[in-house]
>>> print(open('query_17.cif').read())   # mmCIF, N, CA, C and O atoms
data_structure
loop_
_atom_site.label_atom_id
_atom_site.label_comp_id
_atom_site.auth_asym_id
_atom_site.auth_seq_id
_atom_site.Cartn_x
_atom_site.Cartn_y
_atom_site.Cartn_z
N MET T 967 -6.26 8.19 15.56
CA MET T 967 -5.72 7.82 14.28
C MET T 967 -4.20 7.66 14.35
O MET T 967 -3.63 6.79 13.72
N PHE T 968 -3.55 8.52 15.13
CA PHE T 968 -2.10 8.42 15.27
C PHE T 968 -1.70 7.11 15.92
O PHE T 968 -0.70 6.51 15.53
N CYS T 969 -2.45 6.65 16.91
CA CYS T 969 -2.15 5.38 17.57
C CYS T 969 -2.30 4.22 16.59
O CYS T 969 -1.56 3.24 16.67
N PHE T 970 -3.24 4.34 15.67
CA PHE T 970 -3.42 3.30 14.66
C PHE T 970 -2.18 3.18 13.78
O PHE T 970 -1.68 2.08 13.53
N PHE T 971 -1.64 4.32 13.32
CA PHE T 971 -0.45 4.27 12.48
C PHE T 971 0.78 3.83 13.27
O PHE T 971 1.65 3.15 12.75
N THR T 972 0.85 4.17 14.54
CA THR T 972 1.96 3.71 15.37
C THR T 972 1.91 2.20 15.53
O THR T 972 2.95 1.53 15.46
N ALA T 973 0.74 1.65 15.72
CA ALA T 973 0.62 0.19 15.82
C ALA T 973 1.01 -0.48 14.51
O ALA T 973 1.62 -1.56 14.51
N LEU T 974 0.70 0.13 13.40
CA LEU T 974 1.10 -0.43 12.10
C LEU T 974 2.61 -0.45 11.95
O LEU T 974 3.18 -1.41 11.40
N PHE T 975 3.28 0.57 12.43
CA PHE T 975 4.74 0.59 12.35
C PHE T 975 5.34 -0.52 13.19
O PHE T 975 6.36 -1.10 12.82
N PHE T 976 4.73 -0.84 14.33
CA PHE T 976 5.26 -1.91 15.15
C PHE T 976 4.97 -3.28 14.55
O PHE T 976 5.70 -4.23 14.82
N LEU T 977 3.92 -3.41 13.76
CA LEU T 977 3.65 -4.69 13.09
C LEU T 977 4.61 -4.93 11.95
O LEU T 977 4.82 -6.06 11.55
N GLY T 978 5.16 -3.90 11.42
CA GLY T 978 6.15 -4.04 10.36
C GLY T 978 5.88 -3.09 9.22
O GLY T 978 4.74 -2.68 8.98
N PRO T 979 6.92 -2.72 8.49
CA PRO T 979 6.75 -1.74 7.43
C PRO T 979 5.95 -2.27 6.25
O PRO T 979 5.25 -1.51 5.59
N ARG T 980 6.03 -3.56 5.99
CA ARG T 980 5.28 -4.11 4.86
C ARG T 980 3.78 -4.07 5.12
O ARG T 980 2.99 -3.74 4.25
N PHE T 981 3.39 -4.40 6.34
CA PHE T 981 1.98 -4.35 6.70
C PHE T 981 1.48 -2.92 6.74
O PHE T 981 0.37 -2.62 6.30
N ALA T 982 2.31 -2.00 7.24
CA ALA T 982 1.93 -0.59 7.27
C ALA T 982 1.78 -0.06 5.85
O ALA T 982 0.86 0.72 5.57
N PHE T 983 2.66 -0.48 4.94
CA PHE T 983 2.55 -0.06 3.55
C PHE T 983 1.26 -0.59 2.93
O PHE T 983 0.59 0.13 2.18
N LEU T 984 0.90 -1.82 3.23
CA LEU T 984 -0.32 -2.40 2.70
C LEU T 984 -1.55 -1.62 3.16
O LEU T 984 -2.42 -1.29 2.35
N VAL T 985 -1.61 -1.31 4.44
CA VAL T 985 -2.76 -0.57 4.96
C VAL T 985 -2.78 0.84 4.39
O VAL T 985 -3.84 1.35 4.01
N TYR T 986 -1.63 1.46 4.27
CA TYR T 986 -1.57 2.81 3.69
C TYR T 986 -1.98 2.79 2.23
O TYR T 986 -2.62 3.71 1.75
N TRP T 987 -1.62 1.72 1.53
CA TRP T 987 -2.02 1.57 0.13
C TRP T 987 -3.54 1.39 0.01
O TRP T 987 -4.15 1.89 -0.91
N LEU T 988 -4.15 0.70 0.96
CA LEU T 988 -5.61 0.54 0.94
C LEU T 988 -6.32 1.85 1.27
O LEU T 988 -7.41 2.11 0.77
N ILE T 989 -5.70 2.68 2.12
CA ILE T 989 -6.31 3.94 2.50
C ILE T 989 -6.12 5.01 1.43
O ILE T 989 -7.06 5.73 1.07
N ARG T 990 -4.89 5.12 0.89
CA ARG T 990 -4.58 6.18 -0.08
C ARG T 990 -3.85 5.62 -1.30
O ARG T 990 -2.65 5.83 -1.48
N PRO T 991 -4.54 4.91 -2.17
CA PRO T 991 -3.87 4.29 -3.32
C PRO T 991 -3.35 5.30 -4.34
O PRO T 991 -2.35 5.05 -5.01
N LEU T 992 -3.99 6.46 -4.47
CA LEU T 992 -3.55 7.44 -5.45
C LEU T 992 -2.21 8.07 -5.08
O LEU T 992 -1.41 8.39 -5.96
N LYS T 993 -1.96 8.24 -3.80
CA LYS T 993 -0.68 8.82 -3.38
C LYS T 993 0.47 7.85 -3.68
O LYS T 993 1.54 8.26 -4.11
N ILE T 994 0.24 6.56 -3.46
CA ILE T 994 1.28 5.58 -3.76
C ILE T 994 1.51 5.49 -5.26
O ILE T 994 2.65 5.39 -5.72
N THR T 995 0.45 5.55 -6.04
CA THR T 995 0.60 5.55 -7.49
C THR T 995 1.37 6.78 -7.96
O THR T 995 2.24 6.68 -8.82
N ALA T 996 1.09 7.92 -7.38
CA ALA T 996 1.80 9.15 -7.75
C ALA T 996 3.26 9.11 -7.31
O ALA T 996 4.14 9.65 -7.99
N ALA T 997 3.55 8.47 -6.18
CA ALA T 997 4.92 8.42 -5.68
C ALA T 997 5.83 7.62 -6.60
O ALA T 997 7.00 7.96 -6.78
N PHE T 998 5.32 6.57 -7.20
CA PHE T 998 6.15 5.72 -8.05
C PHE T 998 5.92 5.97 -9.54
O PHE T 998 6.45 5.24 -10.37
N ALA T 999 5.18 7.00 -9.90
CA ALA T 999 4.88 7.26 -11.31
C ALA T 999 6.10 7.76 -12.08
O ALA T 999 6.16 7.62 -13.29
N ASN T 1000 7.08 8.34 -11.40
CA ASN T 1000 8.26 8.89 -12.09
C ASN T 1000 9.26 7.83 -12.52
O ASN T 1000 10.16 8.14 -13.29
N PHE T 1001 9.14 6.62 -12.03
CA PHE T 1001 10.08 5.56 -12.38
C PHE T 1001 9.65 4.88 -13.68
O PHE T 1001 8.48 4.91 -14.05
N ASN T 1002 10.61 4.25 -14.37
CA ASN T 1002 10.30 3.58 -15.63
C ASN T 1002 9.36 2.39 -15.43
O ASN T 1002 8.46 2.17 -16.22
N PHE T 1003 9.62 1.59 -14.41
CA PHE T 1003 8.79 0.43 -14.10
C PHE T 1003 8.27 0.60 -12.68
O PHE T 1003 8.85 0.04 -11.74
N PRO T 1004 7.18 1.35 -12.48
CA PRO T 1004 6.75 1.67 -11.12
C PRO T 1004 6.37 0.46 -10.28
O PRO T 1004 6.68 0.40 -9.10
N PHE T 1005 5.73 -0.54 -10.89
CA PHE T 1005 5.34 -1.70 -10.10
C PHE T 1005 6.57 -2.49 -9.66
O PHE T 1005 6.65 -2.94 -8.51
N LEU T 1006 7.54 -2.63 -10.55
CA LEU T 1006 8.76 -3.37 -10.23
C LEU T 1006 9.57 -2.66 -9.15
O LEU T 1006 10.08 -3.30 -8.23
N VAL T 1007 9.68 -1.34 -9.26
CA VAL T 1007 10.43 -0.58 -8.26
C VAL T 1007 9.77 -0.67 -6.89
O VAL T 1007 10.44 -0.88 -5.88
N SER T 1008 8.46 -0.55 -6.85
CA SER T 1008 7.78 -0.62 -5.56
C SER T 1008 7.85 -2.03 -4.97
O SER T 1008 8.02 -2.20 -3.76
N LEU T 1009 7.73 -3.05 -5.82
CA LEU T 1009 7.80 -4.42 -5.32
C LEU T 1009 9.20 -4.77 -4.80
O LEU T 1009 9.34 -5.32 -3.70
N LEU T 1010 10.23 -4.43 -5.56
CA LEU T 1010 11.59 -4.69 -5.10
C LEU T 1010 11.93 -3.87 -3.86
O LEU T 1010 12.65 -4.34 -2.98
N GLY T 1011 11.41 -2.66 -3.80
CA GLY T 1011 11.63 -1.85 -2.61
C GLY T 1011 10.98 -2.46 -1.38
O GLY T 1011 11.56 -2.46 -0.30
N LEU T 1012 9.79 -2.99 -1.53
CA LEU T 1012 9.13 -3.63 -0.38
C LEU T 1012 9.84 -4.91 0.04
O LEU T 1012 9.83 -5.26 1.21
N ILE T 1013 10.45 -5.61 -0.90
CA ILE T 1013 11.14 -6.84 -0.54
C ILE T 1013 12.47 -6.54 0.17
O ILE T 1013 12.77 -7.12 1.20
N PHE T 1014 13.26 -5.62 -0.40
CA PHE T 1014 14.61 -5.40 0.11
C PHE T 1014 14.77 -4.18 1.01
O PHE T 1014 15.63 -4.18 1.89
N LEU T 1015 14.01 -3.13 0.81
CA LEU T 1015 14.13 -1.90 1.59
C LEU T 1015 12.76 -1.41 2.06
O LEU T 1015 12.29 -0.35 1.65
N PRO T 1016 12.10 -2.15 2.94
CA PRO T 1016 10.71 -1.79 3.28
C PRO T 1016 10.59 -0.46 4.04
O PRO T 1016 9.65 0.30 3.79
N TRP T 1017 11.50 -0.16 4.96
CA TRP T 1017 11.39 1.10 5.71
C TRP T 1017 11.62 2.29 4.80
O TRP T 1017 10.96 3.32 4.94
N THR T 1018 12.55 2.17 3.85
CA THR T 1018 12.83 3.26 2.94
C THR T 1018 11.64 3.54 2.03
O THR T 1018 11.28 4.70 1.80
N VAL T 1019 11.02 2.49 1.51
CA VAL T 1019 9.86 2.67 0.63
C VAL T 1019 8.70 3.27 1.41
O VAL T 1019 8.01 4.17 0.91
N LEU T 1020 8.49 2.83 2.63
CA LEU T 1020 7.40 3.39 3.44
C LEU T 1020 7.64 4.87 3.71
O LEU T 1020 6.73 5.69 3.58
N MET T 1021 8.86 5.23 4.08
CA MET T 1021 9.16 6.64 4.32
C MET T 1021 9.03 7.46 3.04
O MET T 1021 8.54 8.59 3.07
N TYR T 1022 9.46 6.90 1.92
CA TYR T 1022 9.36 7.62 0.65
C TYR T 1022 7.90 7.91 0.30
O TYR T 1022 7.58 9.00 -0.16
N VAL T 1023 7.04 6.95 0.52
CA VAL T 1023 5.63 7.15 0.20
C VAL T 1023 4.98 8.13 1.17
O VAL T 1023 4.16 8.96 0.76
N LEU T 1024 5.35 8.09 2.43
CA LEU T 1024 4.74 8.99 3.40
C LEU T 1024 5.13 10.45 3.16
O LEU T 1024 4.33 11.36 3.42
N ILE T 1025 6.36 10.69 2.69
CA ILE T 1025 6.83 12.06 2.50
C ILE T 1025 7.00 12.38 1.03
O ILE T 1025 7.85 13.19 0.67
N PHE T 1026 6.18 11.80 0.16
CA PHE T 1026 6.44 11.78 -1.28
C PHE T 1026 6.90 13.07 -1.91
O PHE T 1026 7.96 13.08 -2.50
N PRO T 1027 6.22 14.18 -1.88
CA PRO T 1027 6.84 15.31 -2.57
C PRO T 1027 8.07 15.76 -1.77
O PRO T 1027 7.95 16.53 -0.83
N LEU T 1028 9.24 15.24 -2.14
CA LEU T 1028 10.46 15.50 -1.38
C LEU T 1028 10.92 16.94 -1.56
O LEU T 1028 11.19 17.39 -2.66
N ASN T 1029 11.02 17.64 -0.44
CA ASN T 1029 11.56 18.99 -0.45
C ASN T 1029 12.05 19.34 0.95
O ASN T 1029 11.51 18.89 1.94
N GLY T 1030 13.10 20.09 1.01
CA GLY T 1030 13.62 20.55 2.29
C GLY T 1030 14.19 19.45 3.15
O GLY T 1030 15.04 18.66 2.72
N PHE T 1031 13.70 19.37 4.39
CA PHE T 1031 14.23 18.41 5.35
C PHE T 1031 13.60 17.03 5.24
O PHE T 1031 13.83 16.18 6.10
N ASP T 1032 12.80 16.80 4.23
CA ASP T 1032 12.22 15.47 4.05
C ASP T 1032 13.27 14.42 3.75
O ASP T 1032 13.06 13.24 3.98
N TRP T 1033 14.41 14.85 3.24
CA TRP T 1033 15.49 13.91 2.95
C TRP T 1033 16.04 13.29 4.23
O TRP T 1033 16.57 12.18 4.21
N ILE T 1034 15.90 13.99 5.34
CA ILE T 1034 16.33 13.42 6.63
C ILE T 1034 15.47 12.21 6.98
O ILE T 1034 15.97 11.19 7.45
N TRP T 1035 14.15 12.31 6.77
CA TRP T 1035 13.26 11.17 7.03
C TRP T 1035 13.59 9.99 6.13
O TRP T 1035 13.56 8.84 6.55
N LEU T 1036 13.91 10.29 4.88
CA LEU T 1036 14.29 9.22 3.96
C LEU T 1036 15.61 8.58 4.41
O LEU T 1036 15.77 7.36 4.33
N GLY T 1037 16.52 9.38 4.90
CA GLY T 1037 17.77 8.85 5.45
C GLY T 1037 17.53 7.98 6.67
O GLY T 1037 18.21 6.97 6.86
N LEU T 1038 16.57 8.34 7.50
CA LEU T 1038 16.23 7.50 8.65
C LEU T 1038 15.63 6.16 8.20
O LEU T 1038 15.86 5.13 8.84
N GLY T 1039 14.88 6.18 7.10
CA GLY T 1039 14.36 4.92 6.56
C GLY T 1039 15.48 4.03 6.06
O GLY T 1039 15.48 2.82 6.30
N ILE T 1040 16.46 4.62 5.37
CA ILE T 1040 17.62 3.84 4.91
C ILE T 1040 18.39 3.30 6.10
O ILE T 1040 18.82 2.14 6.11
N PHE T 1041 18.57 4.13 7.13
CA PHE T 1041 19.27 3.68 8.33
C PHE T 1041 18.54 2.52 9.01
O PHE T 1041 19.17 1.57 9.48
N ALA T 1042 17.22 2.57 9.05
CA ALA T 1042 16.44 1.48 9.67
C ALA T 1042 16.60 0.18 8.88
O ALA T 1042 16.71 -0.90 9.47
N ASP T 1043 16.64 0.27 7.55
CA ASP T 1043 16.85 -0.94 6.74
C ASP T 1043 18.24 -1.52 6.95
O ASP T 1043 18.40 -2.73 7.12
N VAL T 1044 19.24 -0.66 6.94
CA VAL T 1044 20.61 -1.14 7.14
C VAL T 1044 20.77 -1.73 8.53
O VAL T 1044 21.40 -2.78 8.72
N ALA T 1045 20.18 -1.08 9.53
CA ALA T 1045 20.27 -1.59 10.91
C ALA T 1045 19.59 -2.95 11.04
O ALA T 1045 20.08 -3.82 11.76
N SER T 1046 18.49 -3.16 10.34
CA SER T 1046 17.81 -4.46 10.44
C SER T 1046 18.64 -5.56 9.78
O SER T 1046 18.71 -6.68 10.29
N TYR T 1047 19.30 -5.24 8.66
CA TYR T 1047 20.16 -6.24 8.02
C TYR T 1047 21.39 -6.54 8.86
O TYR T 1047 21.80 -7.69 8.99
N VAL T 1048 21.99 -5.53 9.48
CA VAL T 1048 23.18 -5.74 10.30
C VAL T 1048 22.82 -6.53 11.56
O VAL T 1048 23.57 -7.44 11.96
N SER T 1049 21.70 -6.23 12.17
CA SER T 1049 21.32 -6.96 13.38
C SER T 1049 21.00 -8.43 13.07
O SER T 1049 21.33 -9.31 13.86
N SER T 1050 20.39 -8.69 11.92
CA SER T 1050 20.13 -10.09 11.58
C SER T 1050 21.42 -10.82 11.26
O SER T 1050 21.56 -12.01 11.53
N PHE T 1051 22.41 -10.11 10.72
CA PHE T 1051 23.71 -10.74 10.46
C PHE T 1051 24.40 -11.11 11.76
O PHE T 1051 24.98 -12.19 11.89
N HIS T 1052 24.32 -10.23 12.76
CA HIS T 1052 24.97 -10.51 14.04
C HIS T 1052 24.22 -11.55 14.86
O HIS T 1052 24.82 -12.20 15.72
N ASN T 1053 22.94 -11.72 14.63
CA ASN T 1053 22.16 -12.70 15.38
C ASN T 1053 22.24 -14.10 14.79
O ASN T 1053 21.67 -15.04 15.35
N ARG T 1054 22.94 -14.27 13.68
CA ARG T 1054 23.05 -15.60 13.10
C ARG T 1054 23.81 -16.57 14.00
O ARG T 1054 23.55 -17.76 14.00
N LYS T 1055 24.74 -16.07 14.79
CA LYS T 1055 25.53 -16.95 15.66
C LYS T 1055 24.69 -17.53 16.79
O LYS T 1055 25.08 -18.50 17.41
N ASP T 1056 23.53 -16.95 17.07
CA ASP T 1056 22.65 -17.45 18.13
C ASP T 1056 21.80 -18.63 17.67
O ASP T 1056 21.14 -19.28 18.50
N VAL T 1057 21.78 -18.91 16.37
CA VAL T 1057 21.00 -20.02 15.84
C VAL T 1057 21.70 -21.33 16.20
O VAL T 1057 22.90 -21.49 15.94
N PRO T 1058 20.99 -22.28 16.80
CA PRO T 1058 21.65 -23.54 17.15
C PRO T 1058 22.10 -24.30 15.90
O PRO T 1058 21.39 -24.34 14.89
N TYR T 1059 23.27 -24.86 15.96
CA TYR T 1059 23.87 -25.66 14.90
C TYR T 1059 24.15 -24.86 13.64
O TYR T 1059 24.21 -25.41 12.55
N TYR T 1060 24.33 -23.55 13.79
CA TYR T 1060 24.70 -22.74 12.63
C TYR T 1060 26.18 -22.92 12.36
O TYR T 1060 26.99 -22.75 13.27
N PRO T 1061 26.56 -23.26 11.13
CA PRO T 1061 27.98 -23.47 10.87
C PRO T 1061 28.72 -22.13 10.81
O PRO T 1061 28.74 -21.45 9.78
N GLY T 1062 29.28 -21.72 11.89
CA GLY T 1062 29.98 -20.46 11.96
C GLY T 1062 31.39 -20.56 11.42
O GLY T 1062 31.89 -21.63 11.07
N PRO T 1063 32.08 -19.42 11.33
CA PRO T 1063 33.45 -19.41 10.81
C PRO T 1063 34.44 -20.04 11.74
O PRO T 1063 34.31 -20.20 12.87
#
>>> encode(input="query_17.cif", output="structure tokens")
Amino acid sequence: MFCFFTALFFLGPRFAFLVYWLIRPLKITAAFANFNFPFLVSLLGLIFLPWTVLMYVLIFPLNGFDWIWLGLGIFADVASYVSSFHNRKDVPYYPGP
């Protein structure tokens, strides 16, 4: 089972979130129930911060050192945006500065 979840992480956080949602829909509903617009928050999170949303759902009742895992999710999202920004110069015919 652990290898299955590891493969999902390599396929991407959005796909892993989808499979986790199919396996445990009540946990995802409970994780976003505290927000005013739970569907909107989860959808925008999946679009813009997929690693953070996945980590938040996996460690939902936040207590103790769980904030470190959430911080790693934020770091993964920021790192993916920064790496895509630096890789723009490798695109052929990209109008650079």
>>> atom_distance(input="query_17.cif", atom1="atom O of Leu992 in chain T", atom2="CA of Arg980 in chain T")
17.8 Å
>>> residues_around(input="query_17.cif", residues="Trp1017 in chain T", least_positions_apart="5", cutoff="6 Å", atoms="all atoms listed in the file", output="compact mmCIF listing (two decimals) with N, CA, C and O atoms, in the frame of the given file")
# COMPACT_ATOMS: atom_id res chain seq x y z
N PRO T 979 6.92 -2.72 8.49
CA PRO T 979 6.75 -1.74 7.43
C PRO T 979 5.95 -2.27 6.25
O PRO T 979 5.25 -1.51 5.59
N GLY T 1011 11.41 -2.66 -3.80
CA GLY T 1011 11.63 -1.85 -2.61
C GLY T 1011 10.98 -2.46 -1.38
O GLY T 1011 11.56 -2.46 -0.30
N TYR T 1022 9.46 6.90 1.92
CA TYR T 1022 9.36 7.62 0.65
C TYR T 1022 7.90 7.91 0.30
O TYR T 1022 7.58 9.00 -0.16
N GLY T 1039 14.88 6.18 7.10
CA GLY T 1039 14.36 4.92 6.56
C GLY T 1039 15.48 4.03 6.06
O GLY T 1039 15.48 2.82 6.30
N ILE T 1040 16.46 4.62 5.37
CA ILE T 1040 17.62 3.84 4.91
C ILE T 1040 18.39 3.30 6.10
O ILE T 1040 18.82 2.14 6.11
N ASP T 1043 16.64 0.27 7.55
CA ASP T 1043 16.85 -0.94 6.74
C ASP T 1043 18.24 -1.52 6.95
O ASP T 1043 18.40 -2.73 7.12
>>> atom_distance(input="query_17.cif", atom1="atom O of Asn1053 in chain T", atom2="atom C of Phe1041 in chain T")
18.9 Å
>>> closest_residue(input="query_17.cif", among="T:Ala982, T:Val1048, T:Ala973, T:Ile989", to="Val1019 in chain T", atoms="only C-alpha atoms")
T:Ala982
>>> residues_around(input="query_17.cif", residues="Ser1008 in chain T", least_positions_apart="2", cutoff="12 Å", atoms="only C-alpha atoms", output="PyMOL selection string")
chain T and resi 980+983-984+987+994-1006+1010-1020+1022-1023
>>> select_by_dssp(input="query_17.cif", residues="range 972-1054 of chain T", states="alpha helix (DSSP H)", output="PyMOL selection string")
chain T and resi 972-977+979-989+991-997+1004-1014+1016-1024+1032-1052
>>> atom_distance(input="query_17.cif", atom1="atom C of Ser1050 in chain T", atom2="CA of Phe976 in chain T")
18.9 Å
>>> axis_aligned_box(input="query_17.cif", around="range 1025-1038 of chain T", padding_each_side="5 Å", output="lines of an AutoDock Vina configuration file")
center_x = 12.2
center_y = 12.8
center_z = 3.1
size_x = 22.0
size_y = 25.4
size_z = 21.5
>>> decode(input="query_17.cif", residues="range 1039-1060 of chain T", atoms="N, CA, C and O atoms", output="short mmCIF file (atom, residue, chain, number, x, y, z; two decimals), in the first residue's frame")
data_model
loop_
_atom_site.label_atom_id
_atom_site.label_comp_id
_atom_site.auth_asym_id
_atom_site.auth_seq_id
_atom_site.Cartn_x
_atom_site.Cartn_y
_atom_site.Cartn_z
N GLY T 1039 5.04 21.14 2.40
CA GLY T 1039 4.15 21.27 1.25
C GLY T 1039 4.22 22.65 0.63
O GLY T 1039 4.25 22.80 -0.59
N ILE T 1040 4.26 23.68 1.47
CA ILE T 1040 4.40 25.05 0.95
C ILE T 1040 5.74 25.21 0.24
O ILE T 1040 5.82 25.82 -0.83
N PHE T 1041 6.80 24.65 0.83
CA PHE T 1041 8.12 24.72 0.20
C PHE T 1041 8.12 24.02 -1.16
O PHE T 1041 8.73 24.52 -2.12
N ALA T 1042 7.44 22.89 -1.28
CA ALA T 1042 7.38 22.17 -2.56
C ALA T 1042 6.64 22.99 -3.61
O ALA T 1042 7.05 23.02 -4.78
N ASP T 1043 5.58 23.68 -3.21
CA ASP T 1043 4.86 24.53 -4.17
C ASP T 1043 5.71 25.71 -4.63
O ASP T 1043 5.77 26.02 -5.82
N VAL T 1044 6.36 26.36 -3.68
CA VAL T 1044 7.21 27.50 -4.03
C VAL T 1044 8.37 27.05 -4.91
O VAL T 1044 8.72 27.71 -5.90
N ALA T 1045 8.96 25.91 -4.58
CA ALA T 1045 10.08 25.39 -5.38
C ALA T 1045 9.63 25.05 -6.80
O ALA T 1045 10.38 25.29 -7.76
N SER T 1046 8.43 24.54 -6.97
CA SER T 1046 7.97 24.21 -8.32
C SER T 1046 7.73 25.48 -9.14
O SER T 1046 8.04 25.52 -10.33
N TYR T 1047 7.20 26.53 -8.50
CA TYR T 1047 7.00 27.79 -9.22
C TYR T 1047 8.33 28.45 -9.56
O TYR T 1047 8.50 28.98 -10.66
N VAL T 1048 9.30 28.41 -8.66
CA VAL T 1048 10.60 29.03 -8.92
C VAL T 1048 11.34 28.27 -10.02
O VAL T 1048 11.96 28.88 -10.90
N SER T 1049 11.28 26.95 -9.99
CA SER T 1049 11.98 26.18 -11.03
C SER T 1049 11.35 26.40 -12.40
O SER T 1049 12.06 26.46 -13.40
N SER T 1050 10.03 26.52 -12.46
CA SER T 1050 9.41 26.79 -13.76
C SER T 1050 9.76 28.19 -14.25
O SER T 1050 9.89 28.43 -15.45
N PHE T 1051 9.94 29.14 -13.33
CA PHE T 1051 10.35 30.49 -13.73
C PHE T 1051 11.75 30.47 -14.31
O PHE T 1051 12.03 31.13 -15.32
N HIS T 1052 12.65 29.71 -13.70
CA HIS T 1052 14.03 29.66 -14.19
C HIS T 1052 14.16 28.84 -15.47
O HIS T 1052 15.11 29.04 -16.23
N ASN T 1053 13.25 27.94 -15.73
CA ASN T 1053 13.32 27.12 -16.94
C ASN T 1053 12.68 27.79 -18.15
O ASN T 1053 12.71 27.24 -19.24
N ARG T 1054 12.12 28.97 -17.97
CA ARG T 1054 11.52 29.66 -19.11
C ARG T 1054 12.55 30.03 -20.17
O ARG T 1054 12.24 30.08 -21.35
N LYS T 1055 13.78 30.30 -19.77
CA LYS T 1055 14.81 30.71 -20.73
C LYS T 1055 15.21 29.56 -21.65
O LYS T 1055 15.80 29.78 -22.69
N ASP T 1056 14.89 28.32 -21.28
CA ASP T 1056 15.22 27.16 -22.11
C ASP T 1056 14.22 26.95 -23.24
O ASP T 1056 14.46 26.12 -24.13
N VAL T 1057 13.09 27.66 -23.21
CA VAL T 1057 12.08 27.52 -24.25
C VAL T 1057 12.59 28.21 -25.52
O VAL T 1057 12.99 29.37 -25.48
N PRO T 1058 12.57 27.52 -26.66
CA PRO T 1058 13.04 28.16 -27.88
C PRO T 1058 12.15 29.35 -28.27
O PRO T 1058 10.93 29.28 -28.15
N TYR T 1059 12.77 30.41 -28.70
CA TYR T 1059 12.10 31.63 -29.16
C TYR T 1059 11.32 32.33 -28.06
O TYR T 1059 10.38 33.05 -28.33
N TYR T 1060 11.72 32.11 -26.81
CA TYR T 1060 11.07 32.83 -25.72
C TYR T 1060 11.63 34.24 -25.66
O TYR T 1060 12.84 34.42 -25.61
#
